[in-house]
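Inspection log for the structure reproduced underneath, given as structure tokens.
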Number of protein chains: 2
Amino acid sequence: MTDWRGGFVAVDWGMTHRRIYLVRNGTIEDFSQDDLGVFSVPSGGFEAAVAALKARFSGRPLLLAGMIGSEYGWMHVPYVPCPAGLDAIAAGVRWVEPGRVGIVPGLSLTEEGRVDIMRGQEVQLLGLAAMGMLSDHATICQVGSHSKWVEVADGQVLRFQTIMTGELFGLLRRHSLLAPLIGGDVRLGDAFLDGVERGFADGGMGAELFSVRAGVVLGTAAGADAASFISGLLIGCDVRSGLSLDVDGDVAVVGTPALRSLFVAALDHCGRTPRQVERDQAFVAGVSALALAIS
Amino acid sequence: MTDWRGGFVAVDWGMTHRRIYLVRNGTIEDFSQDDLGVFSVPSGGFEAAVAALKARFSGRPLLLAGMIGSEYGWMHVPYVPCPAGLDAIAAGVRWVEPGRVGIVPGLSLTEEGRVDIMRGQEVQLLGLAAMGMLSDHATICQVGSHSKWVEVADGQVLRFQTIMTGELFGLLRRHSLLAPLIGGDVRLGDAFLDGVERGFADGGMGAELFSVRAGVVLGTAAGADAASFISGLLIGCDVRSGLSLDVDGDVAVVGTPALRSLFVAALDHCGRTPRQVERDQAFVAGVSALALAIS
């Protein structure tokens with residue numbers, strides 16, 4: 001049996017990018033990031049991409065998480081149904097090379113009238129549990145191009161929901177009638193919080209989106225605030241929807257600093273004071289817990 | 001003074017298309033449509049485009065409505081602030097050639113915490129009033145790439161709000177992660193009405209959008225229903241927001257048949273039975289009323 005304690009390579013392999021960590025004793029000994037996301041790997045090219053990783057890291061064992069286990073990736077690894085924790089996720093790892101190259105399964109949720117899926121974020125959730133960051137019953141907000149809001153109790157992921165906030169913001173910024181108005185930087189300030197308040201109060205973004213154009217045309221709103229307002233609006237809607245999981249316990253926000261700070265400000269504005277966890281830290285704690293469970 | 005009763009040309013000049021009507025005695029004697037929207041007219045090219053119309057229609061007087069009066073069009077024609085009716089709109093016509101070539105002004109709304117604008121739809125509203133289609137106090141839903149929900153009383157436009165539903169649907173269909181799933185036809189059926197119900201109940205589309213992908217991946221939803229569900233979801237959110245204008249009177253839906261039928265079905269599902277008006281009919285009744293007012 002492979003001893004993962006000698007160090008292993010973990011990859012968070014997303015759609016457009018991958019993040020590669022050399023992990024030993026729960027710490028990151030080497031990190032790199034590139035744009036070889038699953039959409040950039042040519043058809044039939046995953047074996048070569050993984051062989052290159054093995055060569056680069058002297059044949060250390062590999063744990064691959066994220067979209068690489070999806071229908072767009074190397075091979076489809078079945079989702080583990082919620083509720084699920086460390087044991088179920090470890091048992092769901094698909095071994096491409098027994099004990100040496102494994103793909104982490106995602107999680108699925110099926111409940112009355114709603115289904116959802118995640119791939120990659122489950123590792124961060126394991127990390128938060130391993131770090132002792134979770135109260136008995138907590139809500140976790142994982143920010144990214146899609147937000148995941150997750151209800152966790154006693155180390156088990158009970159439920160979650162995905163909200164396409166970051167992707168929607170990107171679509172509006174690149175392709176919509178509002179694009180010329182909202183290309184600027186998003187700043188944490190009054191315009192952002194005004195957007196948060198409107199999104200959180202109502203949840204419907206439709207009418208507010210166009211009001212940005214009307215405000216700029218009529219001169220009642222500053223064009224420089226438009227991107228911040230729209231970002232706040234979408235995040236306010238996101239937080240409203242996410243908090244509808246309705247857990248009274250702690251809220252933790254996981255992600256990269258810039259986006260995390262927006263969600264933290266929005267939650268704070270809505271009366272919740274979340275804890276914050278850096279994405280890499282959560283991921284590495286999670287793969288380390290997983291490596292221990294499968295060693 | 002020009003006698004508009006001898007027949008005139010009215011143009012509904014949008015962003016991407018224009019619709020050209022030869023109108024006499026309130027009826028359409030000739031109609032054509034082309035893709036010379038304001039975004040397709042080269043810089044400085046509006047004089048030539050209008051001269052071509054005059055030549056084509058033997059110098060008959062011209063009434064131009066829509067985005068041609070915007071900052072993207074021929075010249076900026078100031079918005080008429082709400083509340084406004086036929087007299088105020090007629091008084092706001094900008095004469096490029098006195099009495100012979102006029103640009104119809106749009107409407108603006110400024111109220112506590114919200115502003116909005118329209119250009120082109122105000123003509124349809126005048127048409128509905130002229131056709132006697134409006135009860136003393138009514139809600140009008142004008143469907144298109146943006147929906148306009150309008151509160152009208154005693155022939156005056158009191159308030160309105162714009163919702164970017166059609167544009168959002170287009171963005172999702174062309175550019176989002178859902179694009180491969182929702183390229184199909186939208187059909188009036190259970191999936192559409194399921195979407196309407198969810199959108200109308202909650203108003204927040206974020207979590208439901210991604211559920212379409214999850215459902216198809218997990219095999220709990222039919223891929224063929226995805227476009228219909230998402231269309232229903234967005235229209236359900238739209239109707240929820242539009243009806244928040246909270247008028248108890250009649251609702252009328254104005255637009256082209258295909259899109260109108262979706263909004264009518266959605267409103268019906270939400271307990272309102274709207275009247276329906278064809279877009280061309282409303283527009284021509286509106287420009288005819290306007291022509292009479294300015295003759």
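A note on labels: chains of the structure tokens are A, B, ... as shown, every chain counts residues from 1, and ligands are counted from 1 in their shown order.
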
Neighbour list for Arg18 in chain A as a VMD selection string, cut-off 6 Å, only C-alpha atoms, skip fewer than 4 positions in-chain: chain A and resid 12 to 14 33 to 34 37

Kindly save the residues from that selection, with N, CA, C and O atoms included, as a compact mmCIF listing (two decimals), in the first residue's frame.
```
# COMPACT_ATOMS: atom_id res chain seq x y z
N ASP A 12 -6.45 20.37 -8.19
CA ASP A 12 -7.82 20.89 -8.26
C ASP A 12 -8.02 21.27 -9.72
O ASP A 12 -7.59 22.33 -10.17
N TRP A 13 -8.64 20.35 -10.45
CA TRP A 13 -8.65 20.43 -11.91
C TRP A 13 -10.01 20.94 -12.40
O TRP A 13 -10.96 20.17 -12.50
N GLY A 14 -10.06 22.23 -12.67
CA GLY A 14 -11.33 22.86 -13.05
C GLY A 14 -11.56 22.89 -14.54
O GLY A 14 -10.84 22.25 -15.32
N GLN A 33 0.01 26.85 -10.90
CA GLN A 33 -1.31 26.97 -11.50
C GLN A 33 -1.12 27.17 -12.99
O GLN A 33 -0.19 27.86 -13.41
N ASP A 34 -1.95 26.51 -13.81
CA ASP A 34 -1.87 26.78 -15.24
C ASP A 34 -3.26 26.72 -15.85
O ASP A 34 -4.24 26.49 -15.15
N GLY A 37 -7.13 23.57 -17.99
CA GLY A 37 -8.39 23.07 -17.47
C GLY A 37 -8.92 21.95 -18.35
O GLY A 37 -8.37 21.71 -19.44
```

Interface residues on chain A facing chain B, 7 Å, only C-alpha atoms, written as a list of chain:residue names: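 Result, ordered by chain then number: A:Arg114, A:Val115, A:Asp116, A:Ile117, A:Gln161, A:Thr162, A:Ile163, A:Met164, A:Thr165, A:Leu171, A:Gly203, A:Gly204, A:Gly206, A:Ala207, A:Phe210, A:Ser211, A:Ala214, A:Gly215, A:Cys237, A:Asp238.
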
Compile the contact shell of Asp185 in chain A as a compact mmCIF listing (two decimals) with N, CA, C and O atoms, in the first residue's frame: residues with an atom at most 10 Å away, counting only C-alpha atoms, same-chain residues fewer than 5 positions apart removed.
```txt
# COMPACT_ATOMS: atom_id res chain seq x y z
N ALA A 224 -19.28 55.24 -12.98
CA ALA A 224 -18.17 54.56 -12.31
C ALA A 224 -18.64 53.60 -11.23
O ALA A 224 -17.91 52.71 -10.80
N ASP A 225 -19.90 53.77 -10.77
CA ASP A 225 -20.44 52.90 -9.73
C ASP A 225 -21.18 51.69 -10.29
O ASP A 225 -21.59 50.81 -9.53
N ALA A 226 -21.38 51.66 -11.59
CA ALA A 226 -22.31 50.67 -12.16
C ALA A 226 -21.83 49.23 -11.92
O ALA A 226 -22.62 48.37 -11.52
N ALA A 227 -20.55 48.98 -12.13
CA ALA A 227 -20.05 47.61 -11.94
C ALA A 227 -20.21 47.18 -10.48
O ALA A 227 -20.60 46.05 -10.19
N SER A 228 -19.92 48.08 -9.58
CA SER A 228 -20.03 47.75 -8.15
C SER A 228 -21.48 47.48 -7.76
O SER A 228 -21.77 46.54 -7.02
N SER A 231 -22.54 44.07 -9.24
CA SER A 231 -21.90 42.99 -8.48
C SER A 231 -22.61 42.82 -7.14
O SER A 231 -22.93 41.70 -6.72
```

Residues of range 119-293 of chain B in alpha helix (DSSP H), written as an MDAnalysis selection string: chainID B and resid 121:130 165:175 190:202 206:218 226:243 257:269 279:293

Do you have, as a Markdown table, the list of residues of range 38-111 of chain A lying at most 12 Å from range 275-294 of chain A, each with its nearest atom pair and that distance in Å to one decimal, counting only C-alpha atoms and ordered by chain then number?
```
| residue | atom | partner | partner_atom | distance |
| --- | --- | --- | --- | --- |
| A:Pro61 | CA | A:Ala291 | CA | 9.8 |
| A:Leu62 | CA | A:Ala291 | CA | 9.8 |
| A:Leu63 | CA | A:Val287 | CA | 7.7 |
| A:Leu64 | CA | A:Val287 | CA | 9.4 |
| A:Ala65 | CA | A:Val287 | CA | 9.0 |
| A:Gly66 | CA | A:Phe283 | CA | 11.2 |
| A:Gly85 | CA | A:Leu290 | CA | 10.5 |
| A:Leu86 | CA | A:Leu290 | CA | 7.0 |
| A:Asp87 | CA | A:Ala293 | CA | 7.4 |
| A:Ala88 | CA | A:Ala293 | CA | 10.3 |
| A:Ile89 | CA | A:Leu290 | CA | 8.1 |
| A:Ala90 | CA | A:Leu290 | CA | 6.2 |
| A:Ala91 | CA | A:Ile294 | CA | 8.1 |
| A:Gly92 | CA | A:Ile294 | CA | 10.5 |
| A:Val93 | CA | A:Ile294 | CA | 8.8 |
| A:Arg94 | CA | A:Ile294 | CA | 11.3 |
| A:Trp95 | CA | A:Ile294 | CA | 10.8 |
| A:Pro98 | CA | A:Ile294 | CA | 11.0 |
| A:Gly99 | CA | A:Ile294 | CA | 8.1 |
| A:Arg100 | CA | A:Ile294 | CA | 10.4 |
| A:Val101 | CA | A:Ala291 | CA | 11.4 |
| A:Gly102 | CA | A:Ile294 | CA | 10.0 |
| A:Ile103 | CA | A:Val287 | CA | 11.3 |
| A:Val104 | CA | A:Leu290 | CA | 9.1 |
| A:Pro105 | CA | A:Leu290 | CA | 11.5 |
```

Pick from A:Asp35, A:Glu111, A:Glu122, A:Asp250 nearest to Arg19 in chain A, counting only C-alpha atoms: A:Asp35

Atom pair CA of Gln142 in chain A / CA of Cys82 in chain A: separation (Å):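 Going from CA of Gln142 in chain A over to CA of Cys82 in chain A covers 17.1 Å.
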
Contact residues around range 44-57 of chain B with only C-alpha atoms at 8 Å, ignoring same-chain residues under 5 positions, as a VMD selection string: chain B and resid 9 62 73 to 74

Length of the CA of Pro274 in chain B to CA of Ala252 in chain B vector [Å]: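 Calculated distance between CA of Pro274 in chain B and CA of Ala252 in chain B is 5.0 Å.
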
Range 28-163 of chain A: residues DSSP assigns to strand (DSSP E or B), reported as a PyMOL selection string: chain A and resi 28-34+62-66+80-81+84+94-97+101-103+107-111+114-118+137-142+147-153+156-163

With N, CA and C atoms retained, could you export that selection as a compact mmCIF listing (two decimals), in the first residue's frame?
```txt
# COMPACT_ATOMS: atom_id res chain seq x y z
N ILE A 28 1.92 22.75 2.07
CA ILE A 28 2.17 22.86 0.65
C ILE A 28 3.68 23.05 0.43
N GLU A 29 4.31 22.06 -0.21
CA GLU A 29 5.75 22.20 -0.49
C GLU A 29 6.00 22.84 -1.84
N ASP A 30 5.02 22.73 -2.71
CA ASP A 30 5.17 23.35 -4.03
C ASP A 30 3.77 23.63 -4.56
N PHE A 31 3.64 24.74 -5.24
CA PHE A 31 2.33 25.07 -5.83
C PHE A 31 2.52 25.70 -7.20
N SER A 32 1.67 25.33 -8.13
CA SER A 32 1.65 26.03 -9.41
C SER A 32 0.24 25.99 -9.97
N GLN A 33 0.01 26.85 -10.90
CA GLN A 33 -1.31 26.97 -11.50
C GLN A 33 -1.12 27.17 -12.99
N ASP A 34 -1.95 26.51 -13.81
CA ASP A 34 -1.87 26.78 -15.24
C ASP A 34 -3.26 26.72 -15.85
N LEU A 62 -0.87 10.53 -6.89
CA LEU A 62 -1.67 11.67 -7.37
C LEU A 62 -3.12 11.54 -6.93
N LEU A 63 -3.66 12.66 -6.46
CA LEU A 63 -5.09 12.71 -6.12
C LEU A 63 -5.69 13.86 -6.92
N LEU A 64 -6.63 13.51 -7.80
CA LEU A 64 -7.17 14.50 -8.74
C LEU A 64 -8.62 14.81 -8.38
N ALA A 65 -8.91 16.09 -8.19
CA ALA A 65 -10.27 16.49 -7.82
C ALA A 65 -10.81 17.47 -8.84
N GLY A 66 -12.11 17.63 -8.87
CA GLY A 66 -12.72 18.64 -9.73
C GLY A 66 -13.30 18.04 -11.00
N VAL A 80 -21.12 10.95 -5.16
CA VAL A 80 -21.53 10.33 -3.90
C VAL A 80 -22.74 11.11 -3.40
N PRO A 81 -23.84 10.42 -3.14
CA PRO A 81 -25.05 11.15 -2.72
C PRO A 81 -24.95 11.69 -1.29
N ALA A 84 -23.13 12.97 3.09
CA ALA A 84 -21.87 12.26 2.91
C ALA A 84 -20.77 13.00 3.66
N ARG A 94 -12.06 6.92 -7.35
CA ARG A 94 -11.85 5.95 -8.42
C ARG A 94 -10.35 5.83 -8.69
N TRP A 95 -9.86 4.62 -8.56
CA TRP A 95 -8.43 4.37 -8.73
C TRP A 95 -8.10 4.05 -10.16
N VAL A 96 -7.39 4.96 -10.81
CA VAL A 96 -6.97 4.69 -12.18
C VAL A 96 -5.75 3.79 -12.13
N GLU A 97 -4.84 4.07 -11.17
CA GLU A 97 -3.77 3.14 -10.83
C GLU A 97 -3.97 2.82 -9.36
N VAL A 101 -2.94 6.59 -8.36
CA VAL A 101 -3.58 7.70 -9.08
C VAL A 101 -5.10 7.57 -8.89
N GLY A 102 -5.65 8.49 -8.11
CA GLY A 102 -7.08 8.42 -7.80
C GLY A 102 -7.82 9.69 -8.19
N ILE A 103 -9.07 9.53 -8.56
CA ILE A 103 -9.93 10.68 -8.87
C ILE A 103 -11.00 10.78 -7.78
N LEU A 107 -20.09 15.31 -5.19
CA LEU A 107 -21.28 15.03 -4.38
C LEU A 107 -22.53 15.38 -5.18
N SER A 108 -23.58 14.62 -4.91
CA SER A 108 -24.87 14.96 -5.51
C SER A 108 -25.91 15.10 -4.42
N LEU A 109 -26.90 15.89 -4.72
CA LEU A 109 -28.03 16.07 -3.80
C LEU A 109 -29.31 15.80 -4.56
N THR A 110 -30.15 14.98 -4.01
CA THR A 110 -31.48 14.78 -4.59
C THR A 110 -32.47 14.95 -3.45
N GLU A 111 -33.25 15.98 -3.52
CA GLU A 111 -34.31 16.12 -2.52
C GLU A 111 -35.57 16.56 -3.23
N ARG A 114 -35.67 19.20 -6.05
CA ARG A 114 -34.42 19.88 -6.37
C ARG A 114 -33.26 18.90 -6.39
N VAL A 115 -32.38 19.09 -7.35
CA VAL A 115 -31.16 18.29 -7.41
C VAL A 115 -29.98 19.24 -7.58
N ASP A 116 -28.81 18.79 -7.20
CA ASP A 116 -27.63 19.63 -7.37
C ASP A 116 -26.39 18.73 -7.41
N ILE A 117 -25.30 19.29 -7.92
CA ILE A 117 -24.04 18.54 -7.99
C ILE A 117 -22.86 19.46 -7.68
N MET A 118 -21.78 18.87 -7.19
CA MET A 118 -20.52 19.61 -7.05
C MET A 118 -19.36 18.69 -7.36
N HIS A 137 -23.30 22.54 13.45
CA HIS A 137 -24.25 22.76 12.37
C HIS A 137 -23.90 24.10 11.74
N ALA A 138 -23.41 24.09 10.52
CA ALA A 138 -22.89 25.33 9.95
C ALA A 138 -23.27 25.47 8.49
N THR A 139 -23.21 26.71 8.01
CA THR A 139 -23.39 27.00 6.60
C THR A 139 -22.05 27.44 6.03
N ILE A 140 -21.71 26.88 4.90
CA ILE A 140 -20.47 27.26 4.23
C ILE A 140 -20.81 27.85 2.87
N CYS A 141 -20.20 28.96 2.58
CA CYS A 141 -20.36 29.61 1.28
C CYS A 141 -19.03 29.51 0.55
N GLN A 142 -19.03 28.75 -0.54
CA GLN A 142 -17.80 28.59 -1.33
C GLN A 142 -17.94 29.46 -2.57
N SER A 147 -21.32 29.93 -6.95
CA SER A 147 -21.25 29.80 -5.50
C SER A 147 -21.89 28.49 -5.08
N LYS A 148 -21.30 27.88 -4.06
CA LYS A 148 -21.94 26.71 -3.46
C LYS A 148 -22.26 27.09 -2.02
N TRP A 149 -23.50 26.94 -1.63
CA TRP A 149 -23.92 27.13 -0.25
C TRP A 149 -24.20 25.75 0.33
N VAL A 150 -23.59 25.46 1.45
CA VAL A 150 -23.58 24.08 1.93
C VAL A 150 -23.98 24.04 3.40
N GLU A 151 -24.84 23.10 3.72
CA GLU A 151 -25.22 22.87 5.11
C GLU A 151 -24.47 21.63 5.59
N VAL A 152 -23.72 21.79 6.66
CA VAL A 152 -22.91 20.70 7.18
C VAL A 152 -23.27 20.48 8.65
N ALA A 153 -23.40 19.23 9.04
CA ALA A 153 -23.63 18.93 10.46
C ALA A 153 -22.82 17.70 10.82
N GLN A 156 -20.83 15.82 8.25
CA GLN A 156 -21.53 15.33 7.06
C GLN A 156 -22.10 16.50 6.25
N VAL A 157 -21.92 16.42 4.95
CA VAL A 157 -22.56 17.41 4.07
C VAL A 157 -24.02 16.99 3.91
N LEU A 158 -24.93 17.83 4.40
CA LEU A 158 -26.35 17.46 4.35
C LEU A 158 -27.00 17.90 3.05
N ARG A 159 -26.81 19.17 2.71
CA ARG A 159 -27.47 19.74 1.53
C ARG A 159 -26.59 20.83 0.97
N PHE A 160 -26.84 21.16 -0.28
CA PHE A 160 -26.14 22.33 -0.84
C PHE A 160 -26.92 22.85 -2.03
N GLN A 161 -26.60 24.09 -2.38
CA GLN A 161 -27.17 24.63 -3.62
C GLN A 161 -26.14 25.50 -4.33
N THR A 162 -26.23 25.42 -5.65
CA THR A 162 -25.29 26.12 -6.53
C THR A 162 -25.99 27.32 -7.14
N ILE A 163 -25.29 28.43 -7.13
CA ILE A 163 -25.85 29.66 -7.70
C ILE A 163 -24.84 30.23 -8.69
```
